[in-house]
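Enquirer: A single structure is presented below for examination.
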Amino acid sequence: VPLQEQLARCARLRLEDVPRLRRAWDVAPLQSTRRPEVPQRVCGGVNARWLERRRGRLTASHFAAALGFHGKASAHRLTRKLGAGASADVQQSDPGVDWGQRHEASGLATYLSSYLSAACPSAEAHETGFWPFEVSHPSGARASVGATPDAIVRGAEQVWPGGLVVEVKCPFRGGQPAPHVKVLPRMMPQLQGQLLATGAATLHLVSWSPYGSTVFRVTADLDYQREMGEALALVARQATGDGEELGRLSRAVRERSVVLAKRSERVALIPPSECVSVYDGPCADG
């Protein structure tokens, strides 16, 4: 079925009308002592304050690149950008990025209506914002980094004790979107970074497409988070003498990511007939 025709088959909802989705962005897992600083979304789109808060700072979506998952050249480009105080986000138009941003809410709504409502009827998801946190290395290197999960789930502690966060992916695949069939090792720094930022014990990775969606369960690994944090502190310091130690830690994180990706569990396979398409309607205040 052609993509536009398949999209038209999806049930459509305004973002404001998605059941179980709350717009109170400053909610945290019950056991967390941290809170998000600024919301990611505001009426009309992405929050300019959220973009500014991320500028010049390592954020979870770029942890993998910083740790060499995409090669040395990519890591060097990233550190040069951050060193200059620039944004590490893609600046020019990119079809895959545009698709992902447009359909994140669709993935969240599909997850809520087709999985969470049955798995834990009392649960609600809350949109969230930017969670800053500190990482350090025993040598004294320190850095302020951050993460932005797509949602925090409250009311599900009996099913997923220790807190639950949600990350949504919308693979574009060159115009032929399809959900992930497994968690990839290169995703693990971002996912564990979100768990570390929020203090949650569990993360649900939702991979959405109009042709079907998948949900995976990822659990926090404190040893992994410690090693990743030490490596990121060295990345941020950008000292020439850190090369050998940074290389050792980055290799350890990449190897451990393979293990954790294999350990992740697919908990739901959602058929196309249950995939929801969401659009952001007029603001509530008119």
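Scheme for the structure tokens: letters A, B, ... for chains in order shown; per-chain residue numbers from 1; ligand numbers from 1 in order shown.
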Applying 8 Å and only C-alpha atoms, which residues near segment 222-230 of chain A remain after dropping the ones on its own chain fewer than 6 positions away? List them as a list in words.
Expert: Val135, Ser136, His137, Pro138, Pro189, Gln192, Gly193, Leu196, Leu249, Ser250, Ala252, Val253 and Arg256 of chain A
Enquirer: Could you name the residues that touch Ala109 of chain A at 8 Å or less, counting only C-alpha atoms, but leaving out those on the same chain fewer than 5 positions away, as an MDAnalysis selection string?
Expert: chainID A and resid 18:19 21 276:278
Enquirer: From the options A:His103, A:Arg237, A:Arg142, A:Arg20, which residue's atoms come nearest to Val206 of chain A, counting only C-alpha atoms?
Expert: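 For Val206 of chain A, the nearest of the given residues is A:His103.
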Enquirer: Write out as number ranges by chain all residues of segment 22-53 of chain A that DSSP puts in alpha helix (DSSP H) for this structure's backbone.
Expert: A: 48-53
Enquirer: DSSP says strand (DSSP E or B) for which residues of segment 61-171 of chain A? Put them as a compact mmCIF listing (two decimals) with N, CA, C and O atoms, in the first residue's frame?
Expert:
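Below you can see out23.txt, which holds the result:
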# COMPACT_ATOMS: atom_id res chain seq x y z
N GLU A 124 -0.90 6.85 33.08
CA GLU A 124 -1.00 8.01 32.21
C GLU A 124 0.40 8.43 31.78
O GLU A 124 1.36 8.27 32.54
N ALA A 125 0.51 8.97 30.58
CA ALA A 125 1.79 9.47 30.09
C ALA A 125 1.78 10.99 30.13
O ALA A 125 0.76 11.62 29.82
N HIS A 126 2.90 11.56 30.50
CA HIS A 126 3.05 13.01 30.56
C HIS A 126 4.17 13.43 29.62
O HIS A 126 5.27 12.89 29.68
N GLY A 129 10.28 17.37 29.28
CA GLY A 129 11.17 18.40 28.75
C GLY A 129 12.62 17.98 28.88
O GLY A 129 12.95 16.80 28.88
N TRP A 131 16.04 17.31 30.67
CA TRP A 131 16.55 16.88 31.97
C TRP A 131 18.07 17.03 31.99
O TRP A 131 18.78 16.20 31.42
N PRO A 132 18.61 18.07 32.64
CA PRO A 132 20.06 18.20 32.74
C PRO A 132 20.61 17.31 33.86
O PRO A 132 19.92 17.06 34.85
N PHE A 133 21.81 16.82 33.70
CA PHE A 133 22.47 16.07 34.77
C PHE A 133 23.98 16.14 34.58
O PHE A 133 24.47 16.51 33.50
N GLU A 134 24.70 15.82 35.64
CA GLU A 134 26.16 15.91 35.64
C GLU A 134 26.78 14.53 35.45
O GLU A 134 26.27 13.53 35.97
N VAL A 135 27.87 14.48 34.69
CA VAL A 135 28.69 13.27 34.58
C VAL A 135 30.12 13.64 34.97
O VAL A 135 30.53 14.80 34.86
N SER A 136 30.87 12.64 35.43
CA SER A 136 32.23 12.94 35.89
C SER A 136 33.13 11.73 35.67
O SER A 136 32.66 10.59 35.50
N ARG A 142 34.49 16.89 34.51
CA ARG A 142 33.05 16.96 34.78
C ARG A 142 32.37 17.63 33.59
O ARG A 142 32.97 18.44 32.89
N ALA A 143 31.10 17.28 33.39
CA ALA A 143 30.35 17.92 32.30
C ALA A 143 28.87 17.92 32.66
O ALA A 143 28.37 17.00 33.31
N SER A 144 28.18 18.97 32.21
CA SER A 144 26.74 19.04 32.33
C SER A 144 26.15 18.59 30.99
O SER A 144 26.42 19.20 29.95
N VAL A 145 25.38 17.51 31.01
CA VAL A 145 24.79 16.95 29.80
C VAL A 145 23.27 16.92 30.00
O VAL A 145 22.76 17.49 30.97
N GLY A 146 22.54 16.28 29.11
CA GLY A 146 21.10 16.26 29.29
C GLY A 146 20.40 15.28 28.37
O GLY A 146 21.00 14.71 27.46
N ALA A 147 19.11 15.08 28.63
CA ALA A 147 18.30 14.16 27.85
C ALA A 147 16.85 14.63 27.85
O ALA A 147 16.41 15.30 28.78
N ALA A 151 8.22 10.84 26.92
CA ALA A 151 7.14 10.85 27.92
C ALA A 151 7.62 10.21 29.21
O ALA A 151 8.53 9.38 29.22
N ILE A 152 6.99 10.63 30.31
CA ILE A 152 7.12 9.99 31.62
C ILE A 152 5.79 9.32 31.92
O ILE A 152 4.73 9.93 31.75
N VAL A 153 5.81 8.07 32.35
CA VAL A 153 4.58 7.35 32.68
C VAL A 153 4.40 7.34 34.19
O VAL A 153 5.31 6.98 34.94
N ARG A 154 3.24 7.75 34.64
CA ARG A 154 2.89 7.70 36.06
C ARG A 154 1.70 6.76 36.26
O ARG A 154 0.89 6.57 35.37
N LEU A 164 9.04 4.64 34.83
CA LEU A 164 8.99 4.26 33.42
C LEU A 164 9.02 5.51 32.54
O LEU A 164 8.28 6.46 32.78
N VAL A 165 9.91 5.52 31.55
CA VAL A 165 9.96 6.59 30.56
C VAL A 165 9.78 5.98 29.17
O VAL A 165 9.92 4.77 28.98
N VAL A 166 9.46 6.83 28.20
CA VAL A 166 9.15 6.37 26.84
C VAL A 166 9.99 7.15 25.84
O VAL A 166 10.10 8.38 25.93
N GLU A 167 10.57 6.44 24.88
CA GLU A 167 11.25 7.05 23.74
C GLU A 167 10.61 6.52 22.47
O GLU A 167 10.37 5.32 22.32
N VAL A 168 10.30 7.43 21.54
CA VAL A 168 9.64 7.07 20.28
C VAL A 168 10.61 7.25 19.12
O VAL A 168 11.27 8.29 19.00
N LYS A 169 10.69 6.24 18.26
CA LYS A 169 11.43 6.31 17.01
C LYS A 169 10.45 6.11 15.86
O LYS A 169 9.52 5.30 15.96
Enquirer: Using only C-alpha atoms, can you tell me which of A:Val258, A:Cys120, A:Leu205, A:Ala197 comes closest to Leu184 of chain A?
Expert: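 Smallest distance to Leu184 of chain A is found for A:Val258.
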Enquirer: I'd like the contact shell of Arg41 of chain A - 12 Å cut-off, only C-alpha atoms, skipping same-chain residues fewer than 6 positions apart - returned as number ranges by chain.
Expert: A: 15, 23-26, 47-51, 101, 104-105, 126-130, 148, 150-151, 280, 283
